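Colleague: I am sharing entry-v5.cif, which consists of mmCIF, C-alpha atoms:
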```
data_target
loop_
_atom_site.group_PDB
_atom_site.id
_atom_site.type_symbol
_atom_site.label_atom_id
_atom_site.label_comp_id
_atom_site.auth_asym_id
_atom_site.auth_seq_id
_atom_site.Cartn_x
_atom_site.Cartn_y
_atom_site.Cartn_z
ATOM 1 C CA MET A 1 18.498 -11.895 -11.718
ATOM 2 C CA VAL A 2 16.701 -11.593 -8.412
ATOM 3 C CA VAL A 3 18.831 -12.630 -5.464
ATOM 4 C CA TRP A 4 17.205 -13.951 -2.302
ATOM 5 C CA SER A 5 18.963 -14.268 1.037
ATOM 6 C CA GLU A 6 18.269 -17.272 3.237
ATOM 7 C CA GLN A 7 16.376 -15.002 5.586
ATOM 8 C CA GLU A 8 14.160 -13.665 2.795
ATOM 9 C CA ARG A 9 13.333 -17.188 1.591
ATOM 10 C CA SER A 10 12.487 -18.191 5.134
ATOM 11 C CA ILE A 11 10.239 -15.160 5.622
ATOM 12 C CA ILE A 12 8.270 -15.790 2.417
ATOM 13 C CA ASN A 13 7.891 -19.500 3.108
ATOM 14 C CA SER A 14 6.777 -18.800 6.646
ATOM 15 C CA ILE A 15 4.137 -16.264 5.593
ATOM 16 C CA PHE A 16 2.626 -18.619 3.021
ATOM 17 C CA ALA A 17 2.852 -21.706 5.242
ATOM 18 C CA SER A 18 0.572 -20.104 7.812
ATOM 19 C CA LEU A 19 -1.648 -18.257 5.349
ATOM 20 C CA ASP A 20 -5.423 -18.689 5.603
ATOM 21 C CA TYR A 21 -6.156 -18.520 1.864
ATOM 22 C CA ASP A 22 -9.927 -18.693 2.339
ATOM 23 C CA ASP A 23 -9.802 -15.602 4.542
ATOM 24 C CA ILE A 24 -7.028 -13.508 3.026
ATOM 25 C CA GLY A 25 -7.801 -14.132 -0.660
ATOM 26 C CA PRO A 26 -11.333 -12.715 -0.604
ATOM 27 C CA LYS A 27 -10.322 -9.861 1.709
ATOM 28 C CA ALA A 28 -7.485 -8.747 -0.564
ATOM 29 C CA LEU A 29 -9.507 -8.899 -3.780
ATOM 30 C CA CYS A 30 -12.560 -7.183 -2.273
ATOM 31 C CA ARG A 31 -10.410 -4.431 -0.780
ATOM 32 C CA CYS A 32 -8.848 -3.852 -4.209
ATOM 33 C CA LEU A 33 -12.273 -3.466 -5.852
ATOM 34 C CA ILE A 34 -13.408 -1.057 -3.133
ATOM 35 C CA VAL A 35 -10.261 1.057 -2.821
ATOM 36 C CA TYR A 36 -9.571 1.137 -6.581
ATOM 37 C CA PRO A 37 -13.073 0.912 -8.059
ATOM 38 C CA TRP A 38 -11.884 0.990 -11.669
ATOM 39 C CA THR A 39 -10.597 -2.558 -11.148
ATOM 40 C CA GLN A 40 -14.243 -3.633 -11.127
ATOM 41 C CA ARG A 41 -14.095 -3.403 -14.913
ATOM 42 C CA TYR A 42 -12.713 -6.937 -15.020
ATOM 43 C CA PHE A 43 -15.570 -8.444 -13.059
ATOM 44 C CA GLY A 44 -18.604 -7.556 -15.119
ATOM 45 C CA GLY A 45 -19.935 -11.099 -15.039
ATOM 46 C CA PHE A 46 -19.549 -11.601 -11.314
ATOM 47 C CA GLY A 47 -22.899 -10.259 -10.179
ATOM 48 C CA ASN A 48 -23.676 -7.453 -7.748
ATOM 49 C CA LEU A 49 -20.707 -5.136 -7.127
ATOM 50 C CA TYR A 50 -22.858 -2.115 -6.426
ATOM 51 C CA ASN A 51 -21.396 -1.112 -3.084
ATOM 52 C CA ALA A 52 -18.807 -2.202 -0.521
ATOM 53 C CA GLU A 53 -21.239 -4.542 1.235
ATOM 54 C CA ALA A 54 -22.255 -6.211 -2.028
ATOM 55 C CA ILE A 55 -18.606 -6.639 -2.975
ATOM 56 C CA GLN A 56 -17.702 -8.146 0.383
ATOM 57 C CA THR A 57 -20.574 -10.663 0.298
ATOM 58 C CA ASN A 58 -20.248 -11.633 -3.367
ATOM 59 C CA PRO A 59 -19.486 -15.391 -3.443
ATOM 60 C CA ASN A 60 -18.026 -15.303 -6.971
ATOM 61 C CA LEU A 61 -15.546 -12.665 -5.898
ATOM 62 C CA ALA A 62 -14.604 -14.586 -2.774
ATOM 63 C CA ALA A 63 -13.928 -17.748 -4.778
ATOM 64 C CA HIS A 64 -11.868 -15.754 -7.245
ATOM 65 C CA GLY A 65 -9.849 -14.148 -4.455
ATOM 66 C CA ILE A 66 -8.893 -17.596 -3.164
ATOM 67 C CA LYS A 67 -7.918 -18.692 -6.691
ATOM 68 C CA VAL A 68 -5.743 -15.619 -7.259
ATOM 69 C CA LEU A 69 -3.984 -16.034 -3.917
ATOM 70 C CA HIS A 70 -3.199 -19.675 -4.670
ATOM 71 C CA GLY A 71 -1.722 -18.401 -7.915
ATOM 72 C CA LEU A 72 1.163 -17.118 -5.809
ATOM 73 C CA ASP A 73 2.058 -20.642 -4.644
ATOM 74 C CA ARG A 74 4.080 -21.381 -7.736
ATOM 75 C CA ALA A 75 6.178 -18.270 -7.182
ATOM 76 C CA VAL A 76 6.843 -19.323 -3.590
ATOM 77 C CA LYS A 77 8.020 -22.747 -4.801
ATOM 78 C CA ASN A 78 10.157 -21.265 -7.608
ATOM 79 C CA MET A 79 11.543 -18.096 -6.090
ATOM 80 C CA ASP A 80 14.703 -18.265 -8.189
ATOM 81 C CA ASN A 81 12.826 -18.288 -11.452
ATOM 82 C CA ILE A 82 9.567 -16.435 -11.023
ATOM 83 C CA LYS A 83 9.847 -14.800 -14.442
ATOM 84 C CA ALA A 84 9.880 -18.128 -16.307
ATOM 85 C CA THR A 85 7.344 -19.687 -13.937
ATOM 86 C CA TYR A 86 4.792 -16.996 -14.786
ATOM 87 C CA ALA A 87 5.512 -16.583 -18.504
ATOM 88 C CA GLU A 88 2.380 -18.438 -19.530
ATOM 89 C CA LEU A 89 0.225 -16.717 -16.879
ATOM 90 C CA SER A 90 1.537 -13.381 -18.114
ATOM 91 C CA VAL A 91 0.480 -14.175 -21.669
ATOM 92 C CA MET A 92 -2.942 -15.184 -20.382
ATOM 93 C CA HIS A 93 -3.402 -11.972 -18.398
ATOM 94 C CA SER A 94 -2.438 -9.972 -21.455
ATOM 95 C CA GLU A 95 -4.039 -11.817 -24.351
ATOM 96 C CA LYS A 96 -7.088 -13.355 -22.743
ATOM 97 C CA LEU A 97 -7.942 -11.265 -19.671
ATOM 98 C CA HIS A 98 -6.632 -7.928 -20.996
ATOM 99 C CA ILE A 99 -5.706 -6.708 -17.537
ATOM 100 C CA ASP A 100 -3.725 -3.473 -17.294
ATOM 101 C CA PRO A 101 -0.514 -4.603 -15.550
ATOM 102 C CA ASP A 102 -0.618 -1.542 -13.314
ATOM 103 C CA ASN A 103 -3.530 -3.236 -11.600
ATOM 104 C CA PHE A 104 -1.259 -6.064 -10.408
ATOM 105 C CA ARG A 105 0.531 -3.498 -8.268
ATOM 106 C CA LEU A 106 -2.757 -2.264 -6.822
ATOM 107 C CA LEU A 107 -3.793 -5.771 -5.801
ATOM 108 C CA ALA A 108 -0.318 -6.372 -4.365
ATOM 109 C CA ASP A 109 -0.687 -3.244 -2.196
ATOM 110 C CA CYS A 110 -4.076 -4.417 -0.931
ATOM 111 C CA LEU A 111 -2.671 -7.868 -0.158
ATOM 112 C CA THR A 112 0.139 -6.228 1.826
ATOM 113 C CA ILE A 113 -2.364 -4.236 3.870
ATOM 114 C CA VAL A 114 -4.588 -7.265 4.551
ATOM 115 C CA ILE A 115 -1.607 -9.374 5.638
ATOM 116 C CA ALA A 116 -0.432 -6.481 7.824
ATOM 117 C CA ALA A 117 -3.812 -6.458 9.572
ATOM 118 C CA LYS A 118 -3.628 -10.210 10.114
ATOM 119 C CA MET A 119 -0.035 -10.315 11.385
ATOM 120 C CA GLY A 120 -0.196 -7.126 13.438
ATOM 121 C CA SER A 121 3.089 -6.065 14.972
ATOM 122 C CA ALA A 122 4.652 -9.308 13.721
ATOM 123 C CA PHE A 123 4.619 -7.636 10.303
ATOM 124 C CA THR A 124 7.896 -5.885 11.048
ATOM 125 C CA PRO A 125 9.539 -3.418 8.650
ATOM 126 C CA GLU A 126 11.976 -6.148 7.555
ATOM 127 C CA ILE A 127 9.188 -8.612 6.870
ATOM 128 C CA GLN A 128 7.236 -5.924 5.018
ATOM 129 C CA ALA A 129 10.304 -5.172 2.880
ATOM 130 C CA THR A 130 10.758 -8.854 1.998
ATOM 131 C CA PHE A 131 7.072 -9.392 1.264
ATOM 132 C CA GLN A 132 6.902 -6.298 -0.944
ATOM 133 C CA LYS A 133 10.088 -7.400 -2.756
ATOM 134 C CA PHE A 134 8.472 -10.783 -3.450
ATOM 135 C CA LEU A 135 5.258 -9.185 -4.710
ATOM 136 C CA ALA A 136 7.225 -6.737 -6.865
ATOM 137 C CA VAL A 137 8.989 -9.647 -8.577
ATOM 138 C CA VAL A 138 5.644 -11.387 -9.133
ATOM 139 C CA VAL A 139 4.079 -8.199 -10.508
ATOM 140 C CA SER A 140 7.012 -7.663 -12.837
ATOM 141 C CA ALA A 141 6.879 -11.260 -14.096
ATOM 142 C CA LEU A 142 3.148 -11.042 -14.765
ATOM 143 C CA GLY A 143 3.659 -7.923 -16.842
ATOM 144 C CA LYS A 144 6.630 -9.304 -18.767
ATOM 145 C CA GLN A 145 4.833 -10.896 -21.710
ATOM 146 C CA TYR A 146 2.681 -7.901 -22.580
ATOM 147 C CA HIS A 147 3.395 -6.385 -25.954
ATOM 148 C CA MET B 1 -8.656 11.945 -9.414
ATOM 149 C CA THR B 2 -8.530 13.404 -5.934
ATOM 150 C CA SER B 3 -11.572 15.440 -5.001
ATOM 151 C CA LEU B 4 -12.896 14.452 -1.607
ATOM 152 C CA THR B 5 -16.621 13.914 -1.309
ATOM 153 C CA ALA B 6 -18.532 14.929 1.807
ATOM 154 C CA LYS B 7 -18.610 11.246 2.741
ATOM 155 C CA ASP B 8 -14.833 10.911 2.332
ATOM 156 C CA LYS B 9 -14.269 13.880 4.637
ATOM 157 C CA ALA B 10 -16.699 12.529 7.219
ATOM 158 C CA VAL B 11 -15.071 9.091 7.189
ATOM 159 C CA VAL B 12 -11.574 10.580 7.480
ATOM 160 C CA LYS B 13 -12.535 12.891 10.350
ATOM 161 C CA ASP B 14 -14.345 10.102 12.178
ATOM 162 C CA PHE B 15 -11.484 7.613 11.831
ATOM 163 C CA TRP B 16 -8.910 10.243 12.773
ATOM 164 C CA GLY B 17 -10.952 11.174 15.812
ATOM 165 C CA ARG B 18 -10.794 7.585 16.975
ATOM 166 C CA ILE B 19 -7.062 7.085 16.428
ATOM 167 C CA SER B 20 -5.538 10.531 16.936
ATOM 168 C CA ALA B 21 -4.327 9.642 20.420
ATOM 169 C CA LYS B 22 -2.001 7.135 18.745
ATOM 170 C CA GLY B 23 -1.056 9.536 15.971
ATOM 171 C CA GLU B 24 2.560 9.879 17.115
ATOM 172 C CA ASP B 25 2.999 6.095 17.261
ATOM 173 C CA VAL B 26 1.651 5.841 13.725
ATOM 174 C CA GLY B 27 4.111 8.468 12.535
ATOM 175 C CA ARG B 28 7.102 6.858 14.231
ATOM 176 C CA ASP B 29 6.336 3.409 12.820
ATOM 177 C CA ALA B 30 5.541 4.736 9.332
ATOM 178 C CA LEU B 31 8.845 6.611 9.000
ATOM 179 C CA SER B 32 10.825 3.671 10.414
ATOM 180 C CA ARG B 33 9.171 1.351 7.971
ATOM 181 C CA MET B 34 9.767 3.690 5.075
ATOM 182 C CA VAL B 35 13.564 3.781 5.463
ATOM 183 C CA VAL B 36 13.659 -0.030 5.639
ATOM 184 C CA VAL B 37 11.178 -0.898 2.889
ATOM 185 C CA TYR B 38 12.239 1.927 0.563
ATOM 186 C CA PRO B 39 15.934 2.475 1.284
ATOM 187 C CA GLN B 40 16.200 5.127 -1.441
ATOM 188 C CA THR B 41 14.242 7.484 0.854
ATOM 189 C CA LYS B 42 17.250 7.583 3.170
ATOM 190 C CA THR B 43 18.907 9.942 0.676
ATOM 191 C CA TYR B 44 16.816 12.742 2.158
ATOM 192 C CA PHE B 45 18.255 12.141 5.606
ATOM 193 C CA ALA B 46 21.953 12.001 4.764
ATOM 194 C CA HIS B 47 22.512 14.790 7.293
ATOM 195 C CA TRP B 48 21.718 12.367 10.112
ATOM 196 C CA LYS B 49 24.427 9.971 11.212
ATOM 197 C CA ASP B 50 21.909 7.322 12.152
ATOM 198 C CA VAL B 51 19.259 6.595 9.513
ATOM 199 C CA SER B 52 18.266 3.234 10.905
ATOM 200 C CA PRO B 53 14.615 2.515 11.718
ATOM 201 C CA ASN B 54 15.340 2.860 15.450
ATOM 202 C CA SER B 55 17.184 6.141 15.071
ATOM 203 C CA PRO B 56 15.717 8.797 17.381
ATOM 204 C CA ASN B 57 15.946 11.304 14.519
ATOM 205 C CA VAL B 58 13.935 9.077 12.208
ATOM 206 C CA ARG B 59 11.297 8.390 14.828
ATOM 207 C CA LYS B 60 11.024 12.015 15.889
ATOM 208 C CA HIS B 61 10.602 13.002 12.267
ATOM 209 C CA GLY B 62 7.754 10.526 11.982
ATOM 210 C CA VAL B 63 5.991 12.474 14.733
ATOM 211 C CA THR B 64 6.620 15.762 12.905
ATOM 212 C CA VAL B 65 5.170 14.403 9.677
ATOM 213 C CA MET B 66 2.148 12.879 11.403
ATOM 214 C CA ASN B 67 1.430 16.164 13.177
ATOM 215 C CA GLY B 68 1.295 17.643 9.677
ATOM 216 C CA VAL B 69 -1.264 15.006 8.705
ATOM 217 C CA ALA B 70 -3.301 15.775 11.812
ATOM 218 C CA ASP B 71 -3.217 19.456 10.927
ATOM 219 C CA ALA B 72 -4.357 18.625 7.408
ATOM 220 C CA VAL B 73 -7.395 16.744 8.745
ATOM 221 C CA GLY B 74 -8.468 19.999 10.338
ATOM 222 C CA LYS B 75 -7.971 21.819 7.040
ATOM 223 C CA ILE B 76 -9.618 19.123 4.941
ATOM 224 C CA ASP B 77 -12.048 21.578 3.356
ATOM 225 C CA ASP B 78 -9.212 23.592 1.830
ATOM 226 C CA LEU B 79 -6.007 21.611 1.699
ATOM 227 C CA LYS B 80 -4.399 23.753 -1.004
ATOM 228 C CA GLY B 81 -4.958 26.970 0.897
ATOM 229 C CA GLY B 82 -4.297 25.531 4.312
ATOM 230 C CA LEU B 83 -1.018 23.872 3.347
ATOM 231 C CA LEU B 84 0.420 26.739 1.306
ATOM 232 C CA SER B 85 3.441 27.390 3.509
ATOM 233 C CA LEU B 86 4.150 23.677 3.894
ATOM 234 C CA SER B 87 4.049 23.390 0.135
ATOM 235 C CA GLU B 88 6.562 26.205 -0.206
ATOM 236 C CA LEU B 89 8.795 24.454 2.316
ATOM 237 C CA HIS B 90 8.682 21.181 0.358
ATOM 238 C CA ALA B 91 9.096 22.933 -3.004
ATOM 239 C CA PHE B 92 11.911 25.352 -2.308
ATOM 240 C CA THR B 93 13.745 24.022 0.711
ATOM 241 C CA LEU B 94 13.189 20.292 1.077
ATOM 242 C CA ARG B 95 12.612 19.505 -2.606
ATOM 243 C CA VAL B 96 11.341 16.022 -1.855
ATOM 244 C CA ASP B 97 10.459 14.251 -5.093
ATOM 245 C CA PRO B 98 6.651 13.954 -5.005
ATOM 246 C CA ALA B 99 6.884 10.241 -5.802
ATOM 247 C CA ASN B 100 7.938 9.834 -2.196
ATOM 248 C CA PHE B 101 4.622 11.180 -0.913
ATOM 249 C CA LYS B 102 2.994 8.043 -2.331
ATOM 250 C CA ILE B 103 5.602 5.885 -0.673
ATOM 251 C CA LEU B 104 5.089 7.424 2.762
ATOM 252 C CA SER B 105 1.303 7.346 2.309
ATOM 253 C CA HIS B 106 1.503 3.605 1.675
ATOM 254 C CA CYS B 107 3.568 3.120 4.839
ATOM 255 C CA ILE B 108 1.043 5.139 6.853
ATOM 256 C CA LEU B 109 -1.776 2.946 5.529
ATOM 257 C CA VAL B 110 0.138 -0.243 6.416
ATOM 258 C CA VAL B 111 0.700 1.009 9.974
ATOM 259 C CA MET B 112 -2.976 1.915 10.320
ATOM 260 C CA SER B 113 -3.873 -1.571 9.154
ATOM 261 C CA ILE B 114 -1.534 -3.075 11.741
ATOM 262 C CA MET B 115 -2.638 -0.902 14.646
ATOM 263 C CA PHE B 116 -6.359 -0.720 13.889
ATOM 264 C CA PRO B 117 -7.205 -3.907 11.959
ATOM 265 C CA ASN B 118 -10.908 -3.729 12.771
ATOM 266 C CA ASP B 119 -11.362 0.010 12.206
ATOM 267 C CA PHE B 120 -9.317 0.200 9.020
ATOM 268 C CA THR B 121 -12.084 -1.242 6.860
ATOM 269 C CA PRO B 122 -11.976 -1.004 3.051
ATOM 270 C CA GLU B 123 -14.294 2.028 3.266
ATOM 271 C CA VAL B 124 -11.959 3.820 5.664
ATOM 272 C CA HIS B 125 -8.992 2.713 3.553
ATOM 273 C CA VAL B 126 -10.315 4.272 0.355
ATOM 274 C CA ALA B 127 -11.290 7.533 2.065
ATOM 275 C CA PHE B 128 -7.944 7.862 3.819
ATOM 276 C CA ASP B 129 -6.018 6.919 0.681
ATOM 277 C CA LYS B 130 -7.866 9.653 -1.216
ATOM 278 C CA PHE B 131 -7.191 12.110 1.610
ATOM 279 C CA LEU B 132 -3.449 11.367 1.632
ATOM 280 C CA ALA B 133 -3.388 11.705 -2.157
ATOM 281 C CA SER B 134 -5.090 15.107 -1.896
ATOM 282 C CA LEU B 135 -2.628 16.074 0.809
ATOM 283 C CA ALA B 136 0.269 15.077 -1.448
ATOM 284 C CA LEU B 137 -1.178 17.101 -4.290
ATOM 285 C CA ALA B 138 -1.503 20.149 -2.056
ATOM 286 C CA LEU B 139 2.109 19.691 -0.904
ATOM 287 C CA ALA B 140 3.317 19.544 -4.489
ATOM 288 C CA GLU B 141 1.291 22.634 -5.457
ATOM 289 C CA LYS B 142 4.216 25.053 -5.405
ATOM 290 C CA TYR B 143 6.779 22.742 -7.042
ATOM 291 C CA ARG B 144 6.485 24.205 -10.522
#
```
Take the structure in this file and express it as structure tokens.

Modeller:
Amino acid sequence: MVVWSEQERSIINSIFASLDYDDIGPKALCRCLIVYPWTQRYFGGFGNLYNAEAIQTNPNLAAHGIKVLHGLDRAVKNMDNIKATYAELSVMHSEKLHIDPDNFRLLADCLTIVIAAKMGSAFTPEIQATFQKFLAVVVSALGKQYH
Amino acid sequence: MTSLTAKDKAVVKDFWGRISAKGEDVGRDALSRMVVVYPQTKTYFAHWKDVSPNSPNVRKHGVTVMNGVADAVGKIDDLKGGLLSLSELHAFTLRVDPANFKILSHCILVVMSIMFPNDFTPEVHVAFDKFLASLALALAEKYR
């Protein structure tokens, strides 16, 4: 069972309360496709992903980045039961999308780096630790229903 | 997985050229972050009384490590050869589990993103990530 301190809950809620989804979502997803190009395998129908510039100006990708980032909202609202909250999403990612769960970790790392750029020095080591703990729980929950 | 193209090397050298003056700050912050975000890494520093992020030992060690990275940029055309003695040090004396190289690399990337948000573009990110991975591989060369 994941245990959250009051401070950790406050940190996560604060980050998401002031999050610019329309900016951060696309940036995180695009960075993932550029830094880990094999993740492009899941976006065959999205249009031109030929180079970094194409990826960063692809409107389908941007929209999808926003959607994925909003997917984290339910975890923020249900921090004490992320595993159950994402059970159905996990099945979907496995059975329908066939995404290698290792890729969740890659996207989580890119999201961390994009948020770090946005928050600057406010992204203290303690805040980074809490944010990465949160993402690790999400990543684990999303990979739980794979068999 | 980790062969650096000519473009990778050029991007790494260019970015490093622009930020090297802050190299020590990057190192200090990266090491401090590492012991907070990945507390298991503190096991390697049990010989220091103070392993907190603000510990002078931790911060000084960040500078040492980052100077190693700076040195590696200069040896980017032959990391394995250039880092031979460092690899022996890590293999026979320090015996740091290579999984930790990835952890520290991640912390370095986060600090670069914080300190240079506009320069640390996705293109720079991928080149530097590849470079740090190659560096880690060269460091692990003599392990077994």

Colleague: Evaluate the PyMOL selection byres ((chain A) within 12 of (chain B)) against this structure - the residues, as a PyMOL selection string, please.

Modeller: chain A and resi 27-38+51-53+55-56+106+108-133

Colleague: My list of candidates is B:Ala46, B:Ile108, B:Val51, B:Ala6. Which is closest to Met66 of chain B when distances are computed with all atoms listed in the file?

Modeller: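 For Met66 of chain B, the nearest of the candidates is B:Ile108.
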
Colleague: Looking at all atoms listed in the file, which of B:Leu83, B:Leu89, B:Val96, B:Val26 is the one that sits closest to Asp71 of chain B?

Modeller: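 Nearest to Asp71 of chain B: B:Leu83.
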
Colleague: Give the centre and edge lengths of an axis-aligned box, in Å to one decimal, that holds all listed atoms of segment 91-96 of chain A with 3 Å on each side, as lines of an AutoDock Vina configuration file.

Modeller:
```
center_x = -3.3
center_y = -12.6
center_z = -21.4
size_x = 13.6
size_y = 11.2
size_z = 12.0
```

Colleague: What is the atom CA of Phe45 of chain B to atom CA of Asp25 of chain B distance in Å?

Modeller: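 Taking atom CA of Phe45 of chain B and atom CA of Asp25 of chain B, their separation equals 20.1 Å.
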
Colleague: Using all atoms listed in the file for the distances, tell me which of A:Pro59, A:Gly25, A:Gly45, A:Gly71 is nearest to Leu89 of chain A.

Modeller: A:Gly71

Colleague: Looking at B:Leu135, B:Val11, B:Asn67, B:Gly82, which one is nearest to Lys102 of chain B, with distances taken over only C-alpha atoms?

Modeller: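 Distance minimum relative to Lys102 of chain B lands on B:Leu135.
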
Colleague: How would you write, as a PyMOL selection string, the residues chosen by the PyMOL selection byres ((chain A and resi 141-146) around 6) on this structure?

Modeller: chain A and resi 83+90-91+94+101+138-140+147

Colleague: Report, in Å to a single decimal, how far apart atom CA of Pro98 of chain B and atom CA of Ala140 of chain B are.

Modeller: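 According to the coordinates, atom CA of Ala140 of chain B and atom CA of Pro98 of chain B are separated by 6.5 Å.
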
Colleague: Tell me, as a PyMOL selection string, which residues lie within 7 Å of Ser87 of chain B, counting only C-alpha atoms; anything in the same chain fewer than 3 positions away does not count.

Modeller: chain B and resi 83-84+90-91+138-142

Colleague: Can you write just those residues out, C-alpha atoms, as a PDB file, keeping the file's coordinate frame?

Modeller:
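Final output, again_36.pdb:
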```pdb
ATOM      1  CA  LEU B  83      -1.018  23.872   3.347  1.00  0.00           C
ATOM      2  CA  LEU B  84       0.420  26.739   1.306  1.00  0.00           C
ATOM      3  CA  HIS B  90       8.682  21.181   0.358  1.00  0.00           C
ATOM      4  CA  ALA B  91       9.096  22.933  -3.004  1.00  0.00           C
ATOM      5  CA  ALA B 138      -1.503  20.149  -2.056  1.00  0.00           C
ATOM      6  CA  LEU B 139       2.109  19.691  -0.904  1.00  0.00           C
ATOM      7  CA  ALA B 140       3.317  19.544  -4.489  1.00  0.00           C
ATOM      8  CA  GLU B 141       1.291  22.634  -5.457  1.00  0.00           C
ATOM      9  CA  LYS B 142       4.216  25.053  -5.405  1.00  0.00           C
TER      10      LYS B 142
END
```

Colleague: Could you work out how far atom CA of Phe15 of chain B lies from atom CA of Ala99 of chain B, giving the answer in Å with one decimal?

Modeller: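 One can read the atom CA of Ala99 of chain B to atom CA of Phe15 of chain B distance as 25.6 Å.
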
Colleague: Just the residues within 12 Å of Asp22 of chain A, please, counting all atoms listed in the file, with nothing from its chain fewer than 2 positions along; format it as a PyMOL selection string.

Modeller: chain A and resi 18-20+24-29+59+61-70

Colleague: Give me a file of those residues, with C-alpha atoms, as a PDB file, keeping the file's coordinate frame.

Modeller:
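Below is the file that was written, result.pdb:
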```pdb
ATOM      1  CA  SER A  18       0.572 -20.104   7.812  1.00  0.00           C
ATOM      2  CA  LEU A  19      -1.648 -18.257   5.349  1.00  0.00           C
ATOM      3  CA  ASP A  20      -5.423 -18.689   5.603  1.00  0.00           C
ATOM      4  CA  ILE A  24      -7.028 -13.508   3.026  1.00  0.00           C
ATOM      5  CA  GLY A  25      -7.801 -14.132  -0.660  1.00  0.00           C
ATOM      6  CA  PRO A  26     -11.333 -12.715  -0.604  1.00  0.00           C
ATOM      7  CA  LYS A  27     -10.322  -9.861   1.709  1.00  0.00           C
ATOM      8  CA  ALA A  28      -7.485  -8.747  -0.564  1.00  0.00           C
ATOM      9  CA  LEU A  29      -9.507  -8.899  -3.780  1.00  0.00           C
ATOM     10  CA  PRO A  59     -19.486 -15.391  -3.443  1.00  0.00           C
ATOM     11  CA  LEU A  61     -15.546 -12.665  -5.898  1.00  0.00           C
ATOM     12  CA  ALA A  62     -14.604 -14.586  -2.774  1.00  0.00           C
ATOM     13  CA  ALA A  63     -13.928 -17.748  -4.778  1.00  0.00           C
ATOM     14  CA  HIS A  64     -11.868 -15.754  -7.245  1.00  0.00           C
ATOM     15  CA  GLY A  65      -9.849 -14.148  -4.455  1.00  0.00           C
ATOM     16  CA  ILE A  66      -8.893 -17.596  -3.164  1.00  0.00           C
ATOM     17  CA  LYS A  67      -7.918 -18.692  -6.691  1.00  0.00           C
ATOM     18  CA  VAL A  68      -5.743 -15.619  -7.259  1.00  0.00           C
ATOM     19  CA  LEU A  69      -3.984 -16.034  -3.917  1.00  0.00           C
ATOM     20  CA  HIS A  70      -3.199 -19.675  -4.670  1.00  0.00           C
TER      21      HIS A  70
END
```

Colleague: Fewer than 4 positions away in the same chain doesn't count, so skip those; otherwise give me all residues within 9 Å of Ala75 of chain A, counting only C-alpha atoms, as a count of residues only.

Modeller: 10

Colleague: Within 12 Å of Asp14 of chain B, counting only C-alpha atoms, which residues qualify if same-chain residues fewer than 2 places away don't, as an MDAnalysis selection string?

Modeller: chainID B and resid 7:12 16:20 73:74 119:120 124 127:128

Colleague: Could you please take those selected residues and save C-alpha atoms as a PDB file, in the frame of the given file?

Modeller:
```
ATOM      1  CA  LYS B   7     -18.610  11.246   2.741  1.00  0.00           C
ATOM      2  CA  ASP B   8     -14.833  10.911   2.332  1.00  0.00           C
ATOM      3  CA  LYS B   9     -14.269  13.880   4.637  1.00  0.00           C
ATOM      4  CA  ALA B  10     -16.699  12.529   7.219  1.00  0.00           C
ATOM      5  CA  VAL B  11     -15.071   9.091   7.189  1.00  0.00           C
ATOM      6  CA  VAL B  12     -11.574  10.580   7.480  1.00  0.00           C
ATOM      7  CA  TRP B  16      -8.910  10.243  12.773  1.00  0.00           C
ATOM      8  CA  GLY B  17     -10.952  11.174  15.812  1.00  0.00           C
ATOM      9  CA  ARG B  18     -10.794   7.585  16.975  1.00  0.00           C
ATOM     10  CA  ILE B  19      -7.062   7.085  16.428  1.00  0.00           C
ATOM     11  CA  SER B  20      -5.538  10.531  16.936  1.00  0.00           C
ATOM     12  CA  VAL B  73      -7.395  16.744   8.745  1.00  0.00           C
ATOM     13  CA  GLY B  74      -8.468  19.999  10.338  1.00  0.00           C
ATOM     14  CA  ASP B 119     -11.362   0.010  12.206  1.00  0.00           C
ATOM     15  CA  PHE B 120      -9.317   0.200   9.020  1.00  0.00           C
ATOM     16  CA  VAL B 124     -11.959   3.820   5.664  1.00  0.00           C
ATOM     17  CA  ALA B 127     -11.290   7.533   2.065  1.00  0.00           C
ATOM     18  CA  PHE B 128      -7.944   7.862   3.819  1.00  0.00           C
TER      19      PHE B 128
END
```
